[in-house]
Structures are given as structure tokens and as C-alpha cells.
>>> print(open('run.txt').read())   # compact mmCIF, C-alpha atoms
# COMPACT_ATOMS: atom_id res chain seq x y z
CA MET D 1 -106.15 -56.71 -61.78
CA PRO D 2 -108.08 -59.99 -61.85
CA LYS D 3 -107.97 -62.10 -58.70
CA THR D 4 -106.03 -65.31 -59.01
CA GLN D 5 -107.63 -68.74 -58.71
CA PRO D 6 -106.58 -71.69 -56.54
CA ASN D 7 -104.82 -74.63 -58.18
CA LEU D 8 -106.87 -77.83 -58.36
CA TYR D 9 -104.79 -80.97 -58.95
CA ALA D 10 -106.70 -84.24 -59.36
CA PHE D 11 -105.07 -87.66 -59.38
CA GLY D 12 -106.19 -91.15 -60.34
CA ASN D 13 -105.01 -92.75 -57.11
CA ILE D 14 -103.56 -91.95 -53.70
CA ASP D 15 -100.05 -93.04 -54.73
CA SER D 16 -99.79 -90.43 -57.49
CA LEU D 17 -101.40 -87.81 -55.21
CA ALA D 18 -98.85 -88.53 -52.45
CA ALA D 19 -95.95 -88.31 -54.93
CA ALA D 20 -97.13 -84.91 -56.17
CA LEU D 21 -97.75 -83.71 -52.60
CA ARG D 22 -94.19 -84.67 -51.72
CA GLY D 23 -92.85 -82.63 -54.63
CA TYR D 24 -94.93 -79.65 -53.55
CA VAL D 25 -93.80 -79.91 -49.92
CA VAL D 26 -90.13 -80.21 -50.96
CA GLN D 27 -90.50 -77.06 -53.10
CA SER D 28 -92.09 -75.25 -50.16
CA GLN D 29 -89.40 -76.51 -47.79
CA ASN D 30 -86.56 -75.36 -50.06
CA ALA D 31 -88.15 -71.92 -50.45
CA GLY D 32 -88.36 -71.69 -46.65
CA PHE D 33 -84.71 -72.68 -46.32
CA SER D 34 -83.79 -69.94 -48.80
CA ARG D 35 -85.76 -67.35 -46.84
CA HIS D 36 -84.77 -68.13 -43.27
CA ASP D 37 -82.94 -71.49 -43.16
CA SER D 38 -85.96 -73.21 -41.64
CA PHE D 39 -89.35 -74.52 -42.72
CA LYS D 40 -92.32 -73.35 -40.68
CA VAL D 41 -95.32 -75.54 -41.43
CA ALA D 42 -98.71 -75.98 -39.79
CA VAL D 43 -100.70 -79.19 -40.16
CA SER D 44 -104.24 -80.22 -39.39
CA GLY D 45 -105.66 -83.60 -38.44
CA GLY D 46 -108.23 -85.96 -39.93
CA SER D 47 -106.98 -88.09 -42.82
CA LEU D 48 -104.20 -85.62 -43.67
CA PRO D 49 -101.40 -87.07 -41.48
CA LYS D 50 -101.71 -90.50 -43.11
CA THR D 51 -101.40 -89.10 -46.64
CA LEU D 52 -98.63 -86.78 -45.48
CA SER D 53 -96.75 -89.73 -44.00
CA GLN D 54 -97.00 -91.63 -47.29
CA ALA D 55 -95.66 -88.58 -49.13
CA LEU D 56 -92.85 -87.56 -46.78
CA LEU D 57 -91.51 -91.00 -45.84
CA ALA D 58 -91.15 -92.16 -49.45
CA PRO D 59 -87.57 -92.74 -50.63
CA SER D 60 -85.80 -89.76 -52.20
CA SER D 61 -85.75 -89.81 -55.99
CA GLY D 62 -82.53 -87.81 -56.23
CA PRO D 63 -80.57 -84.77 -55.03
CA GLU D 64 -83.47 -82.41 -55.82
CA ASP D 65 -85.84 -84.50 -53.68
CA VAL D 66 -84.40 -84.30 -50.19
CA ILE D 67 -86.33 -83.61 -46.99
CA ASP D 68 -84.35 -82.23 -44.05
CA PHE D 69 -86.66 -82.63 -41.08
CA THR D 70 -84.03 -81.19 -38.71
CA LYS D 71 -84.83 -77.69 -40.03
CA TRP D 72 -88.60 -78.12 -39.84
CA GLU D 73 -90.76 -76.38 -37.25
CA ILE D 74 -94.16 -78.08 -37.10
CA PHE D 75 -97.18 -76.31 -35.63
CA PHE D 76 -100.82 -77.35 -35.47
CA ALA D 77 -103.42 -75.51 -37.55
CA ASP D 78 -105.93 -76.60 -34.95
CA GLU D 79 -105.94 -78.83 -31.91
CA ARG D 80 -108.47 -80.38 -29.61
CA ALA D 81 -108.42 -79.56 -25.89
CA VAL D 82 -107.43 -83.10 -24.91
CA PRO D 83 -104.26 -84.75 -23.57
CA LEU D 84 -101.56 -85.35 -26.20
CA ASP D 85 -102.01 -89.13 -25.98
CA HIS D 86 -105.82 -88.90 -26.39
CA ALA D 87 -107.41 -90.48 -29.47
CA ASP D 88 -108.73 -87.06 -30.55
CA SER D 89 -105.36 -85.28 -30.36
CA ASN D 90 -104.04 -84.00 -33.70
CA TYR D 91 -100.55 -84.11 -32.21
CA GLY D 92 -101.06 -87.74 -31.21
CA LEU D 93 -102.27 -88.56 -34.72
CA LEU D 94 -99.30 -86.89 -36.39
CA LYS D 95 -96.95 -88.58 -33.90
CA SER D 96 -98.24 -92.07 -34.68
CA GLU D 97 -98.54 -91.56 -38.45
CA LEU D 98 -95.34 -89.59 -39.09
CA LEU D 99 -93.15 -88.41 -36.22
CA ASP D 100 -92.56 -91.86 -34.73
CA LYS D 101 -91.36 -93.08 -38.15
CA ILE D 102 -88.70 -90.38 -38.57
CA PRO D 103 -85.23 -91.46 -37.35
CA ALA D 104 -84.24 -90.04 -33.96
CA ASP D 105 -81.36 -87.99 -35.41
CA GLN D 106 -83.64 -86.36 -37.98
CA GLN D 107 -86.54 -85.27 -35.74
CA PRO D 108 -88.16 -81.90 -36.47
CA THR D 109 -88.99 -79.27 -33.86
CA VAL D 110 -92.65 -79.81 -32.95
CA HIS D 111 -94.91 -77.37 -31.08
CA PRO D 112 -97.80 -79.14 -29.33
CA ILE D 113 -100.30 -77.34 -27.09
CA ASP D 114 -99.54 -76.79 -23.41
CA THR D 115 -101.88 -79.31 -21.78
CA THR D 116 -101.68 -77.41 -18.46
CA TYR D 117 -104.51 -75.26 -19.82
CA LEU D 118 -106.93 -77.88 -21.14
CA ASN D 119 -109.71 -76.61 -18.89
CA ASP D 120 -109.38 -73.00 -20.09
CA THR D 121 -109.57 -72.84 -23.89
CA GLN D 122 -108.96 -69.08 -23.99
CA GLU D 123 -105.72 -69.51 -22.05
CA LEU D 124 -104.85 -72.56 -24.17
CA ALA D 125 -105.24 -70.41 -27.30
CA ASP D 126 -103.32 -67.51 -25.75
CA GLN D 127 -100.43 -69.76 -24.79
CA TYR D 128 -100.28 -71.25 -28.28
CA GLU D 129 -100.30 -67.75 -29.75
CA LYS D 130 -97.29 -67.00 -27.51
CA THR D 131 -95.60 -70.03 -29.05
CA LEU D 132 -96.13 -68.50 -32.50
CA VAL D 133 -94.86 -65.12 -31.32
CA GLY D 134 -91.74 -66.83 -29.98
CA SER D 135 -91.02 -68.43 -33.33
CA PHE D 136 -92.12 -65.79 -35.82
CA ALA D 137 -91.63 -62.38 -34.22
CA SER D 138 -93.13 -60.16 -31.60
CA ARG D 139 -96.64 -58.97 -32.29
CA ASP D 140 -95.22 -55.44 -32.30
CA SER D 141 -93.20 -56.13 -35.44
CA VAL D 142 -95.56 -58.33 -37.47
CA ARG D 143 -99.29 -58.12 -37.92
CA LEU D 144 -99.57 -61.81 -38.72
CA PRO D 145 -97.19 -64.78 -38.72
CA ILE D 146 -96.18 -65.98 -42.18
CA PHE D 147 -96.06 -69.77 -42.41
CA ASP D 148 -94.08 -71.24 -45.28
CA LEU D 149 -96.87 -73.79 -45.72
CA ILE D 150 -100.15 -74.66 -44.04
CA LEU D 151 -101.49 -78.15 -44.78
CA LEU D 152 -105.22 -78.60 -44.34
CA GLY D 153 -108.09 -81.01 -44.77
CA CYS D 154 -111.65 -80.33 -45.86
CA GLY D 155 -114.59 -81.54 -43.81
CA PRO D 156 -117.82 -82.82 -45.39
CA ASP D 157 -119.46 -79.54 -44.33
CA GLY D 158 -116.69 -77.42 -45.88
CA HIS D 159 -114.92 -76.68 -42.58
CA THR D 160 -111.15 -76.52 -42.29
CA CYS D 161 -108.93 -76.25 -39.20
CA SER D 162 -111.61 -75.73 -36.55
CA LEU D 163 -113.28 -73.00 -38.58
CA PHE D 164 -116.88 -74.06 -39.18
CA PRO D 165 -119.54 -72.76 -41.59
CA GLY D 166 -121.46 -69.78 -40.23
CA HIS D 167 -119.43 -69.65 -37.01
CA PRO D 168 -118.57 -66.23 -35.51
CA LEU D 169 -114.89 -67.23 -35.47
CA LEU D 170 -114.81 -66.70 -39.24
CA ARG D 171 -115.00 -62.96 -38.51
CA GLU D 172 -112.07 -62.93 -36.05
CA THR D 173 -109.45 -60.47 -37.29
CA ASP D 174 -107.22 -59.77 -34.27
CA ALA D 175 -106.23 -63.07 -32.68
CA TRP D 176 -103.73 -65.42 -34.29
CA VAL D 177 -105.08 -68.40 -32.36
CA ALA D 178 -108.66 -68.55 -31.11
CA PRO D 179 -110.60 -70.89 -28.81
CA ILE D 180 -113.80 -72.63 -29.79
CA GLU D 181 -116.04 -74.30 -27.22
CA ASP D 182 -119.02 -75.20 -29.40
CA SER D 183 -117.50 -77.16 -32.26
CA PRO D 184 -120.35 -78.91 -34.12
CA LYS D 185 -118.00 -81.86 -34.48
CA PRO D 186 -116.78 -83.52 -31.26
CA PRO D 187 -114.80 -82.83 -29.21
CA PRO D 188 -116.41 -79.40 -28.75
CA LYS D 189 -113.43 -77.64 -27.11
CA ARG D 190 -110.56 -76.74 -29.43
CA ILE D 191 -108.18 -74.03 -30.53
CA THR D 192 -107.56 -73.00 -34.14
CA LEU D 193 -105.50 -70.69 -36.29
CA THR D 194 -107.74 -67.84 -37.43
CA LEU D 195 -108.68 -67.20 -41.03
CA PRO D 196 -106.30 -64.21 -41.48
CA VAL D 197 -103.36 -66.36 -40.31
CA VAL D 198 -104.27 -69.23 -42.63
CA THR D 199 -104.66 -66.98 -45.66
CA HIS D 200 -101.45 -65.05 -44.90
CA ALA D 201 -99.25 -68.13 -45.44
CA VAL D 202 -96.81 -68.23 -48.34
CA ARG D 203 -98.58 -71.40 -49.46
CA VAL D 204 -101.72 -73.25 -48.40
CA ALA D 205 -102.46 -76.82 -49.46
CA PHE D 206 -105.60 -78.90 -49.00
CA VAL D 207 -105.75 -82.68 -49.27
CA ALA D 208 -109.22 -84.13 -49.95
CA THR D 209 -109.99 -87.64 -51.10
CA GLY D 210 -112.95 -89.94 -51.66
CA GLY D 211 -116.34 -89.75 -53.32
CA GLY D 212 -117.89 -88.59 -50.07
CA LYS D 213 -116.32 -85.18 -50.70
CA LYS D 214 -117.74 -84.55 -54.19
CA ASP D 215 -120.87 -82.64 -53.13
CA ILE D 216 -119.02 -80.26 -50.84
CA MET D 217 -116.21 -79.87 -53.38
CA LYS D 218 -118.77 -78.82 -55.96
CA GLU D 219 -120.10 -76.23 -53.54
CA ILE D 220 -116.59 -74.99 -52.68
CA PHE D 221 -115.42 -74.63 -56.28
CA ASP D 222 -118.55 -74.00 -58.31
CA SER D 223 -120.58 -71.74 -56.01
CA LEU D 224 -120.58 -68.04 -56.90
CA GLU D 225 -120.93 -67.00 -53.26
CA PRO D 226 -117.94 -68.16 -51.18
CA THR D 227 -119.25 -68.60 -47.64
CA LEU D 228 -117.79 -71.96 -46.58
CA PRO D 229 -114.50 -71.79 -44.68
CA CYS D 230 -112.67 -73.69 -47.45
CA SER D 231 -114.15 -71.29 -50.02
CA LEU D 232 -112.99 -68.29 -47.98
CA VAL D 233 -109.44 -69.67 -47.92
CA ASN D 234 -109.60 -70.14 -51.70
CA GLU D 235 -110.85 -66.61 -52.24
CA ALA D 236 -108.27 -64.93 -50.01
CA SER D 237 -105.28 -67.06 -51.02
CA GLY D 238 -105.84 -67.34 -54.77
CA ASP D 239 -103.02 -69.15 -56.55
CA ARG D 240 -101.07 -69.47 -53.29
CA CYS D 241 -103.62 -72.18 -52.49
CA SER D 242 -103.39 -75.67 -54.01
CA TRP D 243 -105.72 -78.64 -53.71
CA PHE D 244 -104.48 -82.23 -53.96
CA VAL D 245 -107.50 -84.46 -54.55
CA ASP D 246 -108.38 -87.79 -56.10
CA GLU D 247 -110.78 -88.03 -59.03
CA PRO D 248 -113.75 -89.32 -56.97
CA ALA D 249 -113.58 -86.20 -54.75
CA VAL D 250 -114.11 -83.87 -57.73
CA GLU D 251 -116.55 -85.92 -59.79
CA GLY D 252 -118.99 -83.42 -61.32
CA VAL D 253 -116.96 -80.35 -60.29
CA GLY D 254 -116.82 -77.83 -63.11
CA PHE D 255 -113.80 -75.87 -61.89
CA PRO D 256 -110.80 -76.53 -64.20
CA ARG D 257 -108.06 -78.89 -63.06
CA LYS D 258 -104.39 -78.21 -63.62
CA ALA D 259 -101.64 -80.66 -64.41
CA PHE D 260 -99.12 -80.87 -61.58
CA LEU D 261 -95.66 -80.14 -62.98
>>> encode(input="run.txt", output="C-alpha cells")
Amino acid sequence: MPKTQPNLYAFGNIDSLAAALRGYVVQSQNAGFSRHDSFKVAVSGGSLPKTLSQALLAPSSGPEDVIDFTKWEIFFADERAVPLDHADSNYGLLKSELLDKIPADQQPTVHPIDTTYLNDTQELADQYEKTLVGSFASRDSVRLPIFDLILLGCGPDGHTCSLFPGHPLLRETDAWVAPIEDSPKPPPKRITLTLPVVTHAVRVAFVATGGGKKDIMKEIFDSLEPTLPCSLVNEASGDRCSWFVDEPAVEGVGFPRKAFL
């Protein structure tokens, strides 16, 4: 059976991208509600929270376009080993861009890192893995947690979460959450979901914008040898993976685009 391909959706501007992303998230949310009456989603940092905020805080267009944050469980696809109010914190970024703008009676359940363990990244990762076990199931009953949706960005080097090109962490198969102390991008100490967890999600979505991404996007989509972290997610997830990009980010990319319906 042929392997499926990721979905590449390109938009003329950020407004149309955000509208499509909202539709995709609402679909994913409703599927989660049907499965287990909740929506378990992991998010990354970078420019993603701002685009996500634009998508999710937009007015509803009708009864089929309703977001119920009270049933959301938000996790972090990766996090930096810094206090939650630090400028480098992915939680802090999501809080300022999105969470603080959601009405108090509609707040989702959010799972930040336990900052008690900032000086021990292995323990920080272990504790966050325990958080996943508490939400998804015991490790005895499931090999991997199954997120309804994982929302990711794409770095200029093709990294995603805190999974970097050529890093030994790409070969991790046992841990759900792993520490990294030598991130090539500061801050060096972080924790991240591992590749098997990311690619085991029901759906994975990347958001990538701007002409600065076009060279790495060409490498991710047009290279015959998938070695970059983003490429590995594409390969393992197939059509469960969707990319929401603007036209400048995919200028010169040969991989076929799809129309978002």
C-alpha cells in the first residue's frame, strides 16, 4: 500500500491562513469530543501562539464553528527550563497571546512544567511525562499517548519541538518526554515530546510563514532523503499531518498544494 503524503495548504495572507487553521482546529476538537468528551492538544512556541490566537479568538461564524475551551486540555510540545514568567517560556508566550484573552469562565485546563525541577532537566522531563500518564493512561496500558492534535512550528534549520537536526534525541524510542541540555538554539536546557509521541497523534499541524522559510521548506518537501525533524514527522504521519503556510514560505517548493475545504 502506498504511503500517504502530508497535506500542504498555502494561503495568500495570514488572515486566510488563520481562518483555515480555525476550521481545522474546530474539526479536531469536535472529533476529540466525540471520542472522549475532551480535546487533548499540545502546542509549541515561536510564532505559533500569535497565529493560534488570531485563529481561535475570532468570532464564531455559526453553530458549526464553536470552540469550547472548558473541555480543552493544553500541553506543551516542548518547553524551556525557565520560570513560567520568563521571556523564553512557551507557557508564558501562550498565556500572553491566548490564555489571558479567554474569558475566566471559559478557561481550558493547562499543564505547564513543574518549575521545582528547573535545575534537573531529566527530572523535569520525568515529571512532565507523569503529567501525561495522569491524563492519558498508565504506561502499562498504552505504549504512547494519543493527542487529538499537536500544533507545531518549523525552525529555519528544520527543527520542530526541541528536536534538532542530527541530534541523538531523534532516535529516542522509549521516553514520552525527553530532556535536552545542548539545544543549538538558546536557551540550551529544555524538555520535548519525543518523535514517536508527536507522530502518534491523531492529527499533527505545522504553521510556517514568511519568505525566510522557503529554503528549508524546499528541503523538507522536495528532498528525497527525509532527515530533518520536520521531514521525519511528515514521513511518519502521512496525511494525518497538515501544513498551514503562506505563499512566501513555499515559493519554489515543488510539492503539490491542496485546497483547504
>>> closest_residue(input="run.txt", among="D:Pro256, D:Ser96, D:Ala104, D:Val177", to="D:Val133", atoms="only C-alpha atoms")
D:Val177
>>> closest_residue(input="run.txt", among="D:Cys230, D:Cys241, D:Ile150, D:Ala249", to="D:Lys214", atoms="all atoms listed in the file")
D:Ala249
>>> atom_distance(input="run.txt", atom1="atom CA of D:Thr199", atom2="atom CA of D:Ala58")
28.8 Å
>>> residues_around(input="run.txt", residues="D:Asp15", least_positions_apart="6", cutoff="10 Å", atoms="only C-alpha atoms", output="compact mmCIF listing (two decimals) with C-alpha atoms, in the coordinates of the input")
# COMPACT_ATOMS: atom_id res chain seq x y z
CA LEU D 21 -97.75 -83.71 -52.60
CA THR D 51 -101.40 -89.10 -46.64
CA GLN D 54 -97.00 -91.63 -47.29
CA ALA D 55 -95.66 -88.58 -49.13
CA ASP D 246 -108.38 -87.79 -56.10
>>> atom_distance(input="run.txt", atom1="atom CA of D:Ala201", atom2="atom CA of D:Asp148")
6.0 Å
>>> residues_around(input="run.txt", residues="stretch 29-35 of chain D", least_positions_apart="3", cutoff="12 Å", atoms="all atoms listed in the file", output="MDAnalysis selection string")
chainID D and resid 22:26 38:41 56 64:74 146:150 201:203
>>> closest_residue(input="run.txt", among="D:Val233, D:Ala259, D:Leu17, D:Leu84", to="D:Val197", atoms="only C-alpha atoms")
D:Val233
>>> atom_distance(input="run.txt", atom1="atom CA of D:Cys161", atom2="atom CA of D:Asn90")
10.7 Å
>>> closest_atom_pairs(input="run.txt", of="stretch 46-140 of chain D", to="stretch 185-188 of chain D", cutoff="8 Å", atoms="all atoms listed in the file", output="CSV")
residue,atom,partner,partner_atom,distance
D:Arg80,CA,D:Pro187,CA,6.8
D:Ala81,CA,D:Pro187,CA,7.9
D:Asp88,CA,D:Pro187,CA,7.5
>>> residues_around(input="run.txt", residues="D:Pro179", least_positions_apart="6", cutoff="8 Å", atoms="only C-alpha atoms", output="ChimeraX atom specification")
/D:121-122,124-125,189-192
>>> write_last_selection(input="run.txt", atoms="C-alpha atoms", output="mmCIF file, in the coordinates of the input")
data_model
loop_
_atom_site.group_PDB
_atom_site.id
_atom_site.type_symbol
_atom_site.label_atom_id
_atom_site.label_comp_id
_atom_site.auth_asym_id
_atom_site.auth_seq_id
_atom_site.Cartn_x
_atom_site.Cartn_y
_atom_site.Cartn_z
ATOM 1 C CA THR D 121 -109.570 -72.840 -23.890
ATOM 2 C CA GLN D 122 -108.960 -69.080 -23.990
ATOM 3 C CA LEU D 124 -104.850 -72.560 -24.170
ATOM 4 C CA ALA D 125 -105.240 -70.410 -27.300
ATOM 5 C CA LYS D 189 -113.430 -77.640 -27.110
ATOM 6 C CA ARG D 190 -110.560 -76.740 -29.430
ATOM 7 C CA ILE D 191 -108.180 -74.030 -30.530
ATOM 8 C CA THR D 192 -107.560 -73.000 -34.140
#
>>> residues_around(input="run.txt", residues="stretch 215-219 of chain D", least_positions_apart="3", cutoff="10 Å", atoms="all atoms listed in the file", output="ChimeraX atom specification")
/D:154-159,208,211-212,222-228,230-231,245,249-255
>>> closest_residue(input="run.txt", among="D:Asp100, D:Gly45, D:Ile220, D:Phe206", to="D:Ser242", atoms="only C-alpha atoms")
D:Phe206
>>> closest_residue(input="run.txt", among="D:Ala178, D:Gly166, D:Phe75, D:Phe260", to="D:Ser16", atoms="all atoms listed in the file")
D:Phe260
>>> closest_residue(input="run.txt", among="D:Ala77, D:Val82, D:Ile14, D:Leu99", to="D:Ser53", atoms="all atoms listed in the file")
D:Leu99
